[in-house]
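Okay, so here's the structure we're looking at.
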Amino acid sequence: FGYLSVLIIIKWCTGSQADLYHVMIYMFLSPMDDIGENQLFPNQKIVQLTFLFLALVAVPWMLLPKPFILKKQHEARQQGQSYAQLDETDESLQVETNGGGHGHEEFEFSEIFVYQLIHTIEFVLGAVSNTASYLRLWALSLAHSELSSVFYEKVLLMAWGFNNIFILIIGILVFIFATVGVLLVMETLSAFLHALRLHWVEYQNKFYEGDGYKFAPFTFALVGNEDE
């Protein structure tokens, strides 16, 4: 979406007639094909291939490094504990042997790897799902443009073609009420509700996990017990 925003600004500034729908769709479906007349800036194909390569590399980059880094940190921590025990006296070593054996943490590499794999799959699926959800705003804009053309061509222009003042007045009234009622009220409300839902679900889950403590409502009974 950031790249699409940049393309929109470039299209505004240059006045290009490039089809951004075609650019974004075939960026994923046919990345090696020639862009042709939809090229907005030099080396655009190389930039798009770079973005696709980074997106593919991000998946193993999220999956592989963390388990191995945690394993290395655990080994270094265990090695540091063994070195520290060499400097202790025999008496302290005996106490450590009798009572301190429970301090060693067990590191399950397979468990950490599976846990990281689950998070990676959730992130990738969430990215695809969120992208598909945000595309509903794109669909709303397409529906808005189609409704505008239908009201203009099938109502206003058709009424204008009858050369009858009475039919023309009725056509203008229908066009005005359809524009205000459908395009300005219903479409605006629909876009607002979709945007609100996207902020609440797709955008907020980047920051909120719900890992807090259970909510305890205020009661006067608890206040009375505390006073006693």
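Simple scheme: letters A, B, ... for chains in structure tokens order, numbers from 1 for residues in each chain, numbers from 1 for ligands in the order shown.
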Near segment 37-50 of chain A, within 7 Å and counting only C-alpha atoms, which residues show up once chain neighbours fewer than 2 positions away are dropped, as a list in words?
->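 The filter keeps Ala18, Asp19, Val23, Met27, Pro31, Ile35, Leu52, Phe53 and Leu54 of chain A.
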So that I have them on file, write out the residues from the current selection with C-alpha atoms, as a CSV table (one decimal), in the first residue's frame.
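Contents of selection-v1.csv, as written:
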```
chain,number,residue,atom,x,y,z
A,18,ALA,CA,-0.9,4.4,-16.5
A,19,ASP,CA,-3.3,1.8,-15.1
A,23,VAL,CA,0.5,-2.4,-12.2
A,27,MET,CA,3.3,-7.1,-10.0
A,31,PRO,CA,6.5,-9.9,-12.2
A,35,ILE,CA,5.4,-3.0,-17.8
A,52,LEU,CA,8.9,-9.0,-4.1
A,53,PHE,CA,12.3,-10.5,-3.2
A,54,LEU,CA,12.3,-8.7,0.2
```
Chain A: residues DSSP assigns to alpha helix (DSSP H), reported as a PyMOL selection string | chain A and resi 2-14+20-29+44-63+65-86+90-99+109-151+158-160+165-178+187-198+220-227
Surrounding residues of Phe109 of chain A excluding itself and chain neighbours under 2 positions, 9 Å, only C-alpha atoms, as a list in words = Pro67, Phe68, Leu70, Lys71, Phe107, Glu111, Ile112, Phe113 and Val114 of chain A
Excluding same-chain residues fewer than 6 positions from Val182 of chain A, what lies within 10 Å of it counting only C-alpha atoms, as a list in words?
-> His144, Leu147, Ser148, Ile176, Thr188 and Leu189 of chain A
Would you output that residue set with N, CA, C and O atoms, as a JSON list (two decimals), in the first residue's frame?
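That gives us result_19.json:
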```
[["chain", "number", "residue", "atom", "x", "y", "z"],
["A", 144, "HIS", "N", -18.56, 2.88, -6.48],
["A", 144, "HIS", "CA", -19.00, 4.28, -6.50],
["A", 144, "HIS", "C", -18.90, 4.86, -7.92],
["A", 144, "HIS", "O", -19.83, 5.54, -8.38],
["A", 147, "LEU", "N", -21.67, 3.29, -10.13],
["A", 147, "LEU", "CA", -22.99, 3.86, -9.85],
["A", 147, "LEU", "C", -23.11, 5.27, -10.40],
["A", 147, "LEU", "O", -24.18, 5.67, -10.90],
["A", 148, "SER", "N", -22.04, 6.04, -10.31],
["A", 148, "SER", "CA", -22.06, 7.40, -10.85],
["A", 148, "SER", "C", -22.32, 7.39, -12.35],
["A", 148, "SER", "O", -23.14, 8.17, -12.86],
["A", 176, "ILE", "N", -30.82, 13.81, -9.00],
["A", 176, "ILE", "CA", -30.40, 14.52, -7.78],
["A", 176, "ILE", "C", -30.63, 13.65, -6.55],
["A", 176, "ILE", "O", -29.74, 13.49, -5.70],
["A", 188, "THR", "N", -21.15, 6.95, 1.51],
["A", 188, "THR", "CA", -20.30, 7.54, 2.55],
["A", 188, "THR", "C", -20.42, 6.77, 3.84],
["A", 188, "THR", "O", -19.42, 6.49, 4.51],
["A", 189, "LEU", "N", -21.64, 6.40, 4.22],
["A", 189, "LEU", "CA", -21.83, 5.60, 5.44],
["A", 189, "LEU", "C", -21.17, 4.23, 5.31],
["A", 189, "LEU", "O", -20.54, 3.75, 6.27]]
```
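Of the residues under consideration (A:Leu137, A:Ile165, A:Val150, A:Leu157), A:Leu137 shows the shortest atom-to-atom contact distance to His194 of chain A when counting only C-alpha atoms.
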Nearest-residue call for Glu122 of chain A, choices A:Ile169, A:Ala76, A:Val59, A:Ala216, using only C-alpha atoms |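 Among the listed residues, A:Val59 lies closest to Glu122 of chain A.
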One-decimal distance in Å that lies between atom CA of Thr179 of chain A and atom CA of Asn163 of chain A =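 Separation between atom CA of Asn163 of chain A and atom CA of Thr179 of chain A: 22.5 Å.
When only C-alpha atoms are used to compute distances to Tyr134 of chain A, the closest of the residues A:Tyr152, A:Ala195, A:Glu75, A:Val180 turns out to be A:Ala195.
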With only C-alpha atoms as the basis for distance, which of A:Met32, A:Leu117, A:Leu184, A:Val155 is at the shortest distance from Pro65 of chain A?
->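 Closest candidate: A:Leu117.
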